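Structure file input.tsv with TSV, C-alpha atoms:
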chain	number	residue	atom	x	y	z
K	81	MET	CA	132.35	80.41	147.82
K	82	THR	CA	132.52	76.87	149.19
K	83	GLU	CA	135.79	76.08	150.92
K	84	PRO	CA	137.95	73.43	149.25
K	85	THR	CA	137.46	69.96	150.68
K	86	LYS	CA	139.95	69.38	153.49
K	87	ILE	CA	142.17	66.33	153.08
K	88	ASP	CA	145.30	65.09	154.78
K	89	ASP	CA	148.72	65.69	153.25
K	90	ALA	CA	147.30	67.79	150.44
K	91	VAL	CA	149.22	70.57	148.76
K	92	VAL	CA	146.99	73.55	148.05
K	93	TYR	CA	147.68	76.32	145.57
K	94	GLU	CA	145.59	79.43	145.94
K	95	PRO	CA	145.27	81.94	143.10
K	96	GLY	CA	148.27	84.23	143.13
K	97	ASP	CA	150.61	81.54	144.46
K	98	THR	CA	154.05	82.45	143.14
K	99	THR	CA	155.31	78.87	142.83
K	100	PRO	CA	156.49	78.66	139.20
K	101	ILE	CA	154.24	76.98	136.65
K	102	LYS	CA	156.03	75.10	133.87
K	103	THR	CA	154.59	75.86	130.46
K	104	PRO	CA	153.52	73.24	127.91
K	105	GLU	CA	156.59	74.16	125.91
K	106	GLU	CA	158.85	73.48	128.86
K	107	TRP	CA	157.23	70.09	129.43
K	108	ASP	CA	157.54	69.27	125.73
K	109	ALA	CA	161.20	70.22	125.83
K	110	ALA	CA	161.63	67.85	128.78
K	111	GLY	CA	160.15	65.03	126.68
K	112	TRP	CA	157.37	64.17	129.11
K	113	ASP	CA	155.71	61.74	126.69
K	114	ALA	CA	158.83	60.10	125.29
K	115	ASP	CA	157.52	56.67	126.27
K	116	ARG	CA	154.08	57.08	124.71
K	117	GLN	CA	152.64	54.01	123.02
K	118	SER	CA	150.43	53.56	119.99
K	119	PRO	CA	146.64	53.52	120.47
K	120	LYS	CA	145.21	50.11	121.32
K	121	THR	CA	144.26	47.73	118.57
K	122	LEU	CA	140.82	46.14	118.55
K	123	ASP	CA	142.23	42.95	120.00
K	124	GLU	CA	144.04	44.86	122.77
K	125	ALA	CA	140.88	46.80	123.62
K	126	ARG	CA	138.84	43.60	123.78
K	127	ALA	CA	141.48	42.03	126.01
K	128	ALA	CA	141.50	45.03	128.36
K	129	LEU	CA	137.72	45.01	128.63
K	130	THR	CA	137.63	41.28	129.20
K	131	ALA	CA	140.22	41.60	131.96
K	132	ARG	CA	138.18	44.28	133.72
K	133	ILE	CA	134.99	42.26	133.45
K	134	ALA	CA	136.78	39.29	134.96
K	135	ALA	CA	138.15	41.32	137.86
K	136	HIS	CA	136.24	41.33	141.15
K	137	ASP	CA	136.41	45.12	141.31
K	138	ALA	CA	135.70	45.58	137.62
K	139	PRO	CA	134.23	48.83	136.36
K	140	ASP	CA	132.56	47.07	133.45
K	141	THR	CA	129.90	44.42	133.26
K	142	GLU	CA	128.88	41.51	131.12
K	143	ALA	CA	126.50	43.86	129.36
K	144	ASP	CA	129.51	45.64	127.87
K	145	SER	CA	131.26	42.51	126.76
K	146	GLY	CA	130.17	42.95	123.17
K	147	ALA	CA	131.11	46.60	123.12
K	148	TYR	CA	133.77	46.23	120.45
K	149	ASP	CA	131.98	43.79	118.23
K	150	ALA	CA	130.36	46.42	115.99
K	151	LEU	CA	132.03	49.02	113.81
K	152	GLU	CA	132.23	52.52	115.16
K	153	GLY	CA	129.16	54.52	114.20
C	181	MET	CA	153.40	57.01	131.45
C	182	TYR	CA	152.32	59.06	134.43
C	183	VAL	CA	151.28	62.55	133.32
C	184	PRO	CA	153.58	64.95	135.17
C	185	TRP	CA	152.00	68.29	134.28
C	186	LEU	CA	148.49	67.96	135.69
C	187	VAL	CA	149.11	70.44	138.50
C	188	ASP	CA	150.69	73.01	136.19
C	189	ALA	CA	147.80	72.72	133.75
C	190	ALA	CA	145.25	73.01	136.54
C	191	ARG	CA	146.97	76.02	138.09
C	192	SER	CA	147.10	77.77	134.73
C	193	THR	CA	143.30	78.10	134.91
C	194	GLY	CA	143.64	80.57	137.77
C	195	TYR	CA	141.44	78.45	140.06
C	196	PRO	CA	142.60	76.96	143.36
C	197	VAL	CA	144.27	73.60	142.99
C	198	VAL	CA	144.56	70.78	145.51
C	199	GLU	CA	147.15	68.05	145.01
C	200	VAL	CA	145.77	64.84	146.47
C	201	ALA	CA	148.71	63.10	148.14
C	202	GLY	CA	150.16	60.37	145.94
C	203	TRP	CA	148.63	61.64	142.71
C	204	GLN	CA	151.94	61.35	140.86
C	205	THR	CA	151.96	57.55	141.01
C	206	ARG	CA	148.25	56.79	141.40
C	207	GLY	CA	146.63	54.78	138.62
C	208	HIS	CA	145.79	51.37	137.25
C	209	GLY	CA	149.22	51.42	135.68
C	210	GLY	CA	150.35	54.31	133.53
C	211	MET	CA	148.72	55.91	130.51
C	212	ARG	CA	149.58	54.48	127.09
C	213	ALA	CA	149.34	57.98	125.62
C	214	VAL	CA	147.48	61.21	126.34
C	215	GLU	CA	145.10	61.98	123.49
C	216	GLY	CA	142.21	63.97	124.95
C	217	VAL	CA	139.78	64.61	127.78
C	218	VAL	CA	136.48	62.98	128.76
C	219	GLY	CA	134.04	64.91	130.99
C	220	HIS	CA	131.85	63.36	133.70
C	221	HIS	CA	129.65	64.30	136.64
C	222	THR	CA	130.00	62.54	139.98
C	223	ALA	CA	126.25	61.91	140.56
C	224	THR	CA	126.74	62.56	144.27
C	225	ALA	CA	123.66	64.08	145.91
C	226	ASP	CA	123.45	67.85	146.21
C	227	SER	CA	122.84	67.38	149.93
C	228	ALA	CA	126.36	66.01	150.43
C	229	PRO	CA	128.27	68.75	152.27
C	230	GLY	CA	131.46	70.46	151.21
C	231	ASP	CA	133.12	71.46	148.00
C	232	TYR	CA	133.99	68.02	146.62
C	233	PRO	CA	132.31	65.32	148.68
C	234	SER	CA	133.10	62.72	146.00
C	235	LEU	CA	136.84	63.04	146.55
C	236	ASP	CA	137.28	59.86	148.56
C	237	ILE	CA	135.31	57.75	146.08
C	238	VAL	CA	137.03	59.07	142.97
C	239	THR	CA	140.41	58.57	144.63
C	240	ASN	CA	139.96	55.24	146.36
C	241	GLY	CA	136.98	53.75	144.56
C	242	ARG	CA	134.09	51.72	145.91
C	243	ALA	CA	133.75	48.12	147.00
C	244	ASP	CA	132.82	47.10	143.46
C	245	LEU	CA	135.01	49.55	141.60
C	246	ALA	CA	138.67	50.21	142.33
C	247	GLY	CA	139.99	53.74	142.29
C	248	PRO	CA	141.19	56.01	140.93
C	249	LEU	CA	138.05	56.82	139.00
C	250	CYS	CA	139.30	60.05	137.46
C	251	ASN	CA	142.47	62.01	136.87
C	252	LEU	CA	141.05	65.33	138.07
C	253	GLY	CA	138.07	66.45	140.12
C	254	LEU	CA	136.21	69.74	139.92
C	255	GLY	CA	134.59	71.05	143.08
C	256	ARG	CA	131.53	73.23	143.44
C	257	SER	CA	133.77	76.25	144.05
C	258	GLY	CA	135.77	75.65	140.87
C	259	THR	CA	138.63	74.22	142.92
C	260	ILE	CA	140.49	71.55	140.94
C	261	TYR	CA	141.59	68.35	142.67
C	262	VAL	CA	144.51	66.50	141.07
C	263	VAL	CA	143.84	62.84	141.79
C	264	ALA	CA	145.84	60.55	139.52
C	265	ALA	CA	148.57	60.81	136.90
C	266	GLY	CA	148.08	57.28	135.65
C	267	CYS	CA	145.21	55.31	134.16
C	268	ALA	CA	141.88	55.96	135.90
C	269	TYR	CA	138.75	53.86	135.47
C	270	HIS	CA	136.45	56.62	134.27
C	271	ALA	CA	135.23	55.75	130.80
C	272	GLY	CA	134.61	52.01	130.94
C	273	ALA	CA	133.81	50.42	127.61
C	274	SER	CA	134.28	53.28	125.19
C	275	ARG	CA	135.37	54.16	121.68
C	276	TRP	CA	135.77	57.48	119.92
C	277	LEU	CA	137.62	58.90	116.93
C	278	GLY	CA	139.08	55.47	116.32
C	279	PHE	CA	140.38	55.15	119.88
C	280	LEU	CA	139.22	52.15	121.85
C	281	ASP	CA	138.86	51.68	125.59
C	282	LEU	CA	139.78	55.25	126.45
C	283	ASN	CA	140.81	54.94	130.10
C	284	ASP	CA	144.53	54.87	129.45
C	285	GLU	CA	144.51	57.28	126.51
C	286	PHE	CA	142.14	60.04	127.68
C	287	LEU	CA	142.16	61.98	130.94
C	288	GLY	CA	138.93	61.96	132.92
C	289	ILE	CA	137.42	64.86	134.86
C	290	GLU	CA	134.79	64.07	137.50
C	291	ALA	CA	132.96	67.29	138.27
C	292	GLU	CA	130.84	67.51	141.42
C	293	SER	CA	127.20	67.49	140.34
C	294	ALA	CA	124.20	65.36	141.19
C	295	GLY	CA	123.48	64.65	137.56
C	296	THR	CA	120.32	66.69	137.26
C	297	GLY	CA	121.95	69.48	135.30
C	298	GLY	CA	122.78	71.68	138.26
C	299	TRP	CA	126.14	73.43	138.09
C	300	THR	CA	127.54	76.39	139.98
C	301	ASP	CA	128.62	79.51	138.13
C	302	ALA	CA	132.19	78.74	139.15
C	303	GLN	CA	131.99	75.27	137.62
C	304	LEU	CA	130.55	76.59	134.37
C	305	ASP	CA	133.52	78.93	134.17
C	306	ALA	CA	136.18	76.53	135.42
C	307	TYR	CA	135.14	73.34	133.58
C	308	PRO	CA	135.95	74.64	130.07
C	309	LYS	CA	139.06	76.41	131.34
C	310	LEU	CA	140.33	73.17	132.80
C	311	VAL	CA	139.60	71.28	129.58
C	312	ALA	CA	141.36	74.00	127.58
C	313	ALA	CA	144.39	73.89	129.84
C	314	LEU	CA	144.69	70.11	129.68
C	315	LEU	CA	144.39	70.12	125.90
C	316	ARG	CA	146.98	72.86	125.68
C	317	TYR	CA	149.45	70.86	127.75
C	318	MET	CA	148.91	67.74	125.62
C	319	SER	CA	149.06	69.77	122.37
C	320	ARG	CA	145.64	68.64	121.25
C	321	ASP	CA	142.82	70.73	119.79
C	322	VAL	CA	139.42	71.31	121.33
C	323	ASP	CA	137.82	68.54	119.29
C	324	ARG	CA	139.62	66.08	121.58
C	325	TYR	CA	137.13	66.85	124.36
C	326	ALA	CA	134.01	64.72	124.67
C	327	GLY	CA	131.49	63.90	127.33
C	328	HIS	CA	131.19	60.36	128.64
C	329	LYS	CA	127.79	60.27	126.92
C	330	ASP	CA	129.58	60.77	123.58
C	331	VAL	CA	132.11	57.98	123.92
C	332	CYS	CA	130.41	55.18	125.84
C	333	VAL	CA	129.56	51.87	124.28
C	334	PRO	CA	127.02	50.57	123.90
C	335	ALA	CA	125.68	54.02	122.89
C	336	GLY	CA	123.30	55.47	125.46
C	337	ARG	CA	124.89	53.59	128.37
C	338	LYS	CA	125.92	56.88	130.02
C	339	ILE	CA	124.40	60.35	130.22
C	340	ASP	CA	127.14	62.36	131.91
C	341	PRO	CA	127.90	65.15	132.22
C	342	VAL	CA	124.23	66.17	132.26
C	343	GLY	CA	123.77	69.87	131.53
C	344	ILE	CA	127.18	70.30	129.90
C	345	ASP	CA	126.64	70.37	126.15
C	346	THR	CA	129.71	69.11	124.36
C	347	GLU	CA	129.68	71.78	121.66
C	348	TRP	CA	129.12	74.50	124.26
C	349	LEU	CA	132.09	73.32	126.26
C	350	ARG	CA	134.31	73.04	123.20
C	351	HIS	CA	133.40	76.58	122.24
C	352	ARG	CA	134.20	77.84	125.72
C	353	ALA	CA	137.36	75.77	125.92
C	354	THR	CA	138.99	77.70	123.12
C	355	THR	CA	142.61	76.73	123.17
C	356	GLY	CA	144.00	79.22	120.71
C	357	THR	CA	145.61	76.46	118.68
C	358	PRO	CA	144.87	76.16	114.94
C	359	GLY	CA	141.44	74.83	114.14
C	360	THR	CA	139.93	75.99	117.40
C	361	MET	CA	136.24	76.74	117.16
C	362	GLY	CA	134.85	80.20	117.67
C	363	VAL	CA	138.05	82.15	117.24
C	364	GLU	CA	138.34	84.88	114.67
C	365	ILE	CA	141.48	86.93	115.06
C	366	LEU	CA	140.73	90.41	113.76
C	367	GLU	CA	144.15	91.89	114.40
C	368	ARG	CA	147.42	91.03	116.09
C	369	VAL	CA	149.14	93.88	117.89
C	370	THR	CA	152.75	93.67	119.03
C	371	VAL	CA	153.46	95.60	122.22
C	372	THR	CA	157.04	96.63	122.97
C	373	PRO	CA	157.30	97.72	126.61
C	374	PRO	CA	159.50	100.76	127.27
C	375	ASP	CA	160.74	99.04	130.41
C	376	ALA	CA	159.76	96.28	132.83
C	377	GLY	CA	157.48	98.55	134.86
C	378	GLU	CA	153.69	98.75	134.73
C	379	HIS	CA	152.19	100.33	131.62
C	380	THR	CA	148.88	100.53	129.80
C	381	VAL	CA	148.05	99.90	126.16
C	382	ARG	CA	144.66	100.77	124.65
C	383	VAL	CA	143.16	98.56	121.96
C	384	PHE	CA	139.92	98.74	120.01
C	385	LEU	CA	137.56	95.80	119.68
C	386	SER	CA	134.56	94.73	117.64
C	387	GLY	CA	131.85	95.40	120.21
C	388	GLY	CA	130.40	91.97	119.45
C	389	PRO	CA	129.39	89.33	122.01
C	390	GLY	CA	132.51	87.32	121.24
C	391	ALA	CA	134.94	90.20	121.66
C	392	ALA	CA	138.03	89.10	123.51
C	393	ILE	CA	141.75	89.69	123.87
C	394	VAL	CA	144.37	86.95	123.85
C	395	VAL	CA	147.62	88.01	125.52
C	396	ARG	CA	150.56	86.07	124.17
C	397	PRO	CA	153.96	86.17	125.87
C	398	ARG	CA	156.60	85.30	123.31
C	399	LEU	CA	158.62	82.13	123.50
C	400	GLY	CA	162.34	82.40	123.87
C	401	GLY	CA	164.90	80.34	122.03
C	402	ASP	CA	164.73	77.67	124.73
C	403	GLY	CA	161.01	77.19	124.17
C	404	SER	CA	159.90	78.89	127.36
C	405	ALA	CA	158.24	82.25	127.90
C	406	ARG	CA	159.39	84.76	130.48
C	407	PRO	CA	156.48	85.55	132.78
C	408	MET	CA	154.55	88.76	132.41
C	409	TRP	CA	151.75	90.25	134.43
C	410	VAL	CA	148.32	91.63	133.51
C	411	PRO	CA	146.95	93.04	136.77
C	412	GLY	CA	143.82	94.37	135.11
C	413	ILE	CA	141.91	95.07	131.94
C	414	LEU	CA	139.33	97.79	131.89
C	415	ALA	CA	137.02	97.54	128.89
C	416	TRP	CA	133.99	99.55	127.82
C	417	GLY	CA	130.97	98.72	125.71
C	418	SER	CA	130.80	102.28	124.42
C	419	ASP	CA	131.72	105.74	125.52
C	420	HIS	CA	128.07	106.40	126.27
C	421	ALA	CA	126.93	103.16	127.86
C	422	GLY	CA	129.82	103.22	130.29
C	423	ILE	CA	129.49	99.57	131.27
C	424	GLY	CA	132.87	98.16	132.14
C	425	HIS	CA	134.31	94.68	132.07
C	426	ASN	CA	137.18	93.73	134.31
C	427	PRO	CA	138.39	90.15	134.00
C	428	ALA	CA	140.53	90.68	137.07
C	429	GLN	CA	137.32	90.47	139.09
C	430	MET	CA	136.74	86.87	138.01
C	431	PRO	CA	137.18	84.28	140.77
C	432	GLY	CA	140.68	82.98	140.97
C	433	TYR	CA	142.16	85.59	138.67
C	434	ASP	CA	145.94	85.32	138.44
C	435	PRO	CA	147.78	88.31	136.99
C	436	LYS	CA	150.86	86.25	136.18
C	437	LEU	CA	151.07	84.76	132.69
C	438	THR	CA	153.57	82.15	131.57
C	439	SER	CA	151.62	81.22	128.45
C	440	HIS	CA	148.88	82.84	126.41
C	441	ARG	CA	145.54	83.63	128.02
C	442	ARG	CA	142.19	84.72	126.64
C	443	TYR	CA	140.18	87.47	128.30
C	444	GLU	CA	136.48	87.56	127.41
C	445	LEU	CA	135.26	91.13	126.89
C	446	PRO	CA	131.72	90.76	125.50
C	447	GLY	CA	130.42	93.92	123.86
C	448	ALA	CA	133.63	95.86	124.39
C	449	VAL	CA	134.68	98.45	121.82
C	450	TRP	CA	137.85	99.45	123.58
C	451	ALA	CA	139.99	98.21	126.41
C	452	ASP	CA	142.91	99.40	128.47
C	453	VAL	CA	145.29	96.53	129.18
C	454	HIS	CA	147.52	97.11	132.19
C	455	TYR	CA	150.69	95.06	131.99
C	456	SER	CA	154.23	94.54	133.21
C	457	ALA	CA	156.56	92.76	130.82
C	458	ALA	CA	160.27	92.82	130.23
C	459	GLU	CA	160.00	91.75	126.59
C	460	PRO	CA	157.67	92.38	123.64
C	461	PHE	CA	154.44	90.39	123.53
C	462	ASP	CA	151.44	90.06	121.24
C	463	LEU	CA	147.78	90.93	121.70
C	464	ASP	CA	145.28	89.09	119.51
C	465	LEU	CA	142.03	91.00	119.13
C	466	VAL	CA	139.29	88.43	118.68
C	467	GLY	CA	135.83	89.00	117.21
The structure in this file should be written as C-alpha cells.
Amino acid sequence: MTEPTKIDDAVVYEPGDTTPIKTPEEWDAAGWDADRQSPKTLDEARAALTARIAAHDAPDTEADSGAYDALEG
Amino acid sequence: MYVPWLVDAARSTGYPVVEVAGWQTRGHGGMRAVEGVVGHHTATADSAPGDYPSLDIVTNGRADLAGPLCNLGLGRSGTIYVVAAGCAYHAGASRWLGFLDLNDEFLGIEAESAGTGGWTDAQLDAYPKLVAALLRYMSRDVDRYAGHKDVCVPAGRKIDPVGIDTEWLRHRATTGTPGTMGVEILERVTVTPPDAGEHTVRVFLSGGPGAAIVVRPRLGGDGSARPMWVPGILAWGSDHAGIGHNPAQMPGYDPKLTSHRRYELPGAVWADVHYSAAEPFDLDLVG
C-alpha cells in the first residue's frame, strides 16, 4: 500500500487508533449546525458567481456567467 | 459554519486519516449549510509520486484559483486527507435538486486519479465509505451524493469523477437510513451479551450476492452509543463450498464501533459474529 503523503504539522490516525470518535448523534446533540442558513436564492447564487468571476483568482469564467439564466433541467 | 466533524466521519470509515494543519478554519468563509457531497477526481498525472500528490494544490490552490479546492482528499491508498471545514471552491457554477452554487452547501471530495478512469482497489472501497460516512454525519440520505459531472452548469462542462458511476457509488454508499438504495432487511436480531467479554453469535443469511450484516449499537438516553467491538466475522458460502469471508481482513479494518456498520458478506449462508459488548445490540440481516 502507498504510504500516506507526508506533510508538516499533520495529525495522523491509523486504523485501530483508540482516540474517541464522536458519533453523529453526539454532534447533533451538541448543535453543530445551529447557525445553518437557508439555501441560496437565485439572486444570491448569481451574485456569488459574479463575484467569483470578477475575482483575480476566480474559479469560474465568463463562460459560466449565464449559468443560472435557464431553469433547472 | 465550519463543519467540525469531518475527522470523526473520516475515521469512522476505518481508513487512515490525515488532518491537514489548519483544516478547522480553512475555507472561503464558512458553509451556509451542509446538504450533501459532490465527488471529483484531481486529474493529476498517474506519474506523480506518492499517495496524494495533489494535496498542496487542493489545500492552497493555484495561481489562478485560490484554495481550498475541496473539503476532503482521498489518496491512492484509501487514506483520507481532511483539508477544509469551510467553503471550498470545488463545484464552480453548479445547480442540483434546487440548490444553486453548491460550494458552500455541499462538501467536495477530490480523489487522486488522473481522470482516465483508473482507481485503486482501496479507492473503490474507501470512496463510497467516505461518502456514506459524511452523509451519515449530516443526516442526509444517499441521494444527496452526486458527481461534479451531475451538478455542473452549463451541463457537460465537467466530466469528473471519471470511472465512478453515480448510481454505483450511491448503491455502495448505503447509509442505513430510510430510503437508502439496495437495502432489504430480512430480519433484525437482538443480541443480549451475557457479560462484557468476547462472545460469538451465529446468524443465517440469504446466500445472495448482496448478503450483509449491519451491526447496530443501541443509543442511550443521551443520544450516544457505548462502544462495542467486532474483532472478526467468519462467514461461509455453504457447508460444502467452504469459502470464507472475513471483513476483518479488509484494509483499515477497525474492530471498534461507536455507530452502526455494514459488513458485506456476498454469498454467505451463515456467519459467526465475534463481539464484545456491555449492552444489547441489534444485527440486521440484509439480503
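Between Ala109 of chain K and the candidates C:Ser227, C:Ala201, C:Tyr317, C:Pro374, the tightest atom-to-atom separation, counting all atoms listed in the file, involves C:Tyr317.
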Given all atoms listed in the file as the basis, pick out the residue of C:Glu378, C:Glu347, C:Asp434, C:Glu367 nearest to chain K. C:Asp434
Restricting the calculation to all atoms listed in the file: of C:Gly417, C:Pro184, C:Pro308, C:Gly377, which residue gets closest to Leu445 of chain C? C:Gly417
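Distances here use all atoms listed in the file; by that measure, the residue among C:Ala189, C:Ile344, C:Ala268, C:Met318 closest to Gly111 of chain K is C:Met318.
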I want to know what sits within 6 Å of Trp203 of chain C, based on only C-alpha atoms, with residues of the same chain fewer than 5 positions away left out; could you give that as JSON, numbers by chain? {"C": [263, 264, 265]}
For the residues in that selection, give me C-alpha atoms as a short mmCIF file (atom, residue, chain, number, x, y, z; two decimals), keeping the file's coordinate frame.
data_model
loop_
_atom_site.label_atom_id
_atom_site.label_comp_id
_atom_site.auth_asym_id
_atom_site.auth_seq_id
_atom_site.Cartn_x
_atom_site.Cartn_y
_atom_site.Cartn_z
CA VAL C 263 143.84 62.84 141.79
CA ALA C 264 145.84 60.55 139.52
CA ALA C 265 148.57 60.81 136.90
#
Would you kindly return, as a list of chain:residue names, each protein, DNA or RNA residue with an atom no farther than 8 Å from any atom of Ile413 of chain C, considering all atoms listed in the file and excluding same-chain residues fewer than 6 positions away? C:His425, C:Asn426, C:Pro427, C:Ala428, C:Ala451, C:Asp452, C:Val453, C:His454
